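File shown here: data.cif, holding mmCIF, C-alpha atoms.
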```cif
data_data
loop_
_atom_site.label_atom_id
_atom_site.label_comp_id
_atom_site.auth_asym_id
_atom_site.auth_seq_id
_atom_site.Cartn_x
_atom_site.Cartn_y
_atom_site.Cartn_z
CA MET A 23 46.17 62.17 125.57
CA LYS A 24 42.85 62.88 123.87
CA GLU A 25 41.85 66.53 123.48
CA GLU A 26 38.28 67.41 124.33
CA ALA A 27 36.37 69.69 122.01
CA ASN A 28 35.57 73.01 123.62
CA ASN A 29 33.24 74.35 120.96
CA PRO A 30 30.17 76.11 122.42
CA ALA A 31 28.19 75.20 119.30
CA ASP A 32 28.59 71.53 120.19
CA SER A 33 27.66 71.91 123.85
CA GLY A 34 23.89 71.64 123.45
CA LEU A 35 23.54 74.86 125.45
CA ASN A 36 22.86 77.11 122.48
CA GLU A 37 19.11 77.28 123.00
CA ILE A 38 17.56 80.57 121.95
CA MET A 39 15.05 82.02 124.36
CA ALA A 40 12.11 84.26 123.59
CA ALA A 41 10.62 86.66 126.11
CA ARG A 42 7.38 88.60 125.91
CA ILE A 43 7.28 91.58 128.25
CA GLU A 44 4.10 93.63 128.55
CA ILE A 45 4.85 97.27 129.27
CA ALA A 46 2.25 99.69 130.67
CA GLU A 47 3.12 102.91 128.81
CA LEU A 48 4.21 101.37 125.50
CA ASN A 49 2.01 103.65 123.37
CA ASP A 50 4.41 106.54 124.17
CA ALA A 51 6.74 107.06 121.19
CA ALA A 52 9.51 108.57 123.37
CA LEU A 53 9.41 105.54 125.67
CA GLN A 54 9.58 103.19 122.68
CA THR A 55 12.70 105.00 121.48
CA GLN A 56 14.29 104.68 124.92
CA ILE A 57 13.44 100.97 125.05
CA ASN A 58 14.88 100.43 121.56
CA ASP A 59 18.15 102.10 122.53
CA ALA A 60 18.43 100.26 125.86
CA ILE A 61 17.65 96.80 124.43
CA LYS A 62 20.03 97.31 121.47
CA ALA A 63 22.84 97.99 123.94
CA LEU A 64 22.13 94.84 125.97
CA GLU A 65 24.62 92.07 125.22
CA GLY A 66 23.03 88.76 124.20
CA VAL A 67 19.93 90.18 122.54
CA ILE A 68 19.56 88.67 119.08
CA GLU A 69 16.52 90.58 117.91
CA PHE A 70 13.53 92.39 119.37
CA LYS A 71 10.26 93.93 118.31
CA ILE A 72 7.68 96.15 120.01
CA GLU A 73 4.18 95.05 119.05
CA ASN A 74 0.67 95.04 120.57
CA GLY A 75 1.72 96.54 123.90
CA ALA A 76 4.59 94.12 124.43
CA LEU A 77 8.31 93.83 123.86
CA HIS A 78 9.23 90.56 122.13
CA VAL A 79 12.90 89.64 122.58
CA SER A 80 14.93 86.76 121.18
CA TYR A 81 18.11 86.30 123.23
CA ASP A 82 21.03 84.03 124.07
CA PRO A 83 20.55 82.68 127.63
CA MET A 84 24.29 82.12 127.99
CA THR A 85 24.82 85.89 127.73
CA THR A 86 21.72 87.50 129.24
CA THR A 87 18.50 86.61 131.06
CA GLU A 88 14.90 87.71 131.07
CA LYS A 89 15.53 89.35 134.44
CA LYS A 90 18.34 91.48 132.94
CA ILE A 91 16.05 92.49 130.08
CA GLU A 92 13.30 93.41 132.56
CA ALA A 93 15.77 95.39 134.69
CA THR A 94 16.90 97.27 131.58
CA VAL A 95 13.30 98.18 130.76
CA ARG A 96 12.64 99.28 134.35
CA SER A 97 15.86 101.33 134.43
CA ILE A 98 14.39 103.76 131.89
CA GLY A 99 11.26 104.26 133.97
CA ALA A 100 8.86 101.84 132.27
CA SER A 101 6.40 99.71 134.25
CA ILE A 102 6.21 96.00 133.42
CA LYS A 103 2.71 94.53 133.61
CA ALA A 104 3.64 90.90 132.83
CA ALA A 105 6.48 88.81 131.44
CA ALA A 106 6.84 85.31 130.03
CA THR A 107 9.72 83.28 128.62
CA ASP A 108 9.57 80.42 126.13
CA THR A 109 12.14 78.21 124.45
CA GLU A 110 9.95 76.67 121.78
CA ALA A 111 7.74 79.31 120.23
CA PRO A 112 9.37 82.71 119.82
CA HIS A 113 7.53 85.56 118.20
CA PRO A 114 6.84 84.54 114.56
CA ASP A 115 8.89 87.46 113.21
CA LEU A 116 11.96 86.71 115.35
CA PRO A 117 14.65 84.24 114.25
CA THR A 118 14.25 80.62 115.27
CA GLN A 119 16.99 78.51 116.80
CA ALA A 120 17.54 76.72 113.50
CA ALA A 121 17.97 80.03 111.69
CA VAL A 122 20.86 81.17 113.87
CA ARG A 123 22.27 77.88 115.16
CA ASP A 124 25.00 77.17 112.61
CA THR A 125 27.03 80.24 111.79
CA ARG A 126 30.26 78.41 110.95
CA VAL A 127 31.73 78.94 107.51
CA LYS A 128 31.46 75.82 105.42
CA GLY A 129 33.62 74.78 102.51
CA PRO A 130 32.37 74.00 99.00
CA PRO A 131 30.41 70.80 98.36
CA LYS A 132 32.56 67.69 97.88
CA ASP A 133 31.92 67.57 94.13
CA GLU A 134 33.41 71.09 93.77
CA GLN A 135 36.62 70.33 95.67
CA SER A 136 39.69 69.57 93.61
#
```

Turn this file's structure into structure tokens for me.
Amino acid sequence: MKEEANNPADSGLNEIMAARIEIAELNDAALQTQINDAIKALEGVIEFKIENGALHVSYDPMTTTEKKIEATVRSIGASIKAAATDTEAPHPDLPTQAAVRDTRVKGPPKDEQS
């Protein structure tokens, strides 16, 4: 009987999503600290940045969703003005899919093997 591979990296479902969430009171340093702490604790978030009145988040859609990120922001008392999700053009300072796609450990090149 043939075994089927069950490797998530081979499933084609490892798309990285990028969300941009505009937050009303984002110029408040205390609120920014609360958002940082809350987003860091959220499973599935790869990286995030607060810039120009918006929270930019790169995340794994198999672990979290934009709605969970928004709910986390709202749970600390922040008001969301607008939100958008994209799969192709994350924030330029956040990692791209290619940058985080292959995290498997590889052996030495063939010419170095004995």

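Put simply, atom CA of A:Thr87 is 14.1 Å away from atom CA of A:Ala63.
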
Q: Show which residues sit within 9 Å of A:Arg42, as JSON, numbers by chain. Count all atoms listed in the file, and ignore same-chain residues fewer than 3 positions away.
A: {"A": [76, 77, 78, 79, 104, 105, 106, 107, 108, 112, 113]}

Q) Which residues fall under the PyMOL selection byres ((chain A and resi 70) around 10) in this file, as a count of residues only? A) 21

Q: Please provide as a ChimeraX atom specification all residues within 9 Å of A:Ala100, with the sequence filter that same-chain residues fewer than 3 positions apart are discarded (counting all atoms listed in the file).
A: /A:45-48,53,57,95-97

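You will find atom CA of A:Glu44 at 17.5 Å from atom CA of A:Asp59.
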
Q: Could you jot down the atom CA of A:Glu37 to atom CA of A:Lys103 separation for me, Å, one decimal place?
A: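 The value is 26.1 Å.
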
Q: Give as number ranges by chain the residues that the PyMOL selection byres ((chain A and resi 66) around 8) matches when applied to the coordinates above.
A: A: 64-65, 67-68, 81-86

Save the residues we just selected, C-alpha atoms, as a short mmCIF file (atom, residue, chain, number, x, y, z; two decimals), keeping the file's coordinate frame?
```cif
data_model
loop_
_atom_site.label_atom_id
_atom_site.label_comp_id
_atom_site.auth_asym_id
_atom_site.auth_seq_id
_atom_site.Cartn_x
_atom_site.Cartn_y
_atom_site.Cartn_z
CA LEU A 64 22.13 94.84 125.97
CA GLU A 65 24.62 92.07 125.22
CA VAL A 67 19.93 90.18 122.54
CA ILE A 68 19.56 88.67 119.08
CA TYR A 81 18.11 86.30 123.23
CA ASP A 82 21.03 84.03 124.07
CA PRO A 83 20.55 82.68 127.63
CA MET A 84 24.29 82.12 127.99
CA THR A 85 24.82 85.89 127.73
CA THR A 86 21.72 87.50 129.24
#
```

Q.
Please determine, counting only C-alpha atoms, which residue among A:Glu88, A:Asn74, A:Ala51, A:Ile43 has the shortest atom-to-atom distance to A:Ser101.
A.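 Using only C-alpha atoms, A:Ser101 sits closest to A:Ile43.
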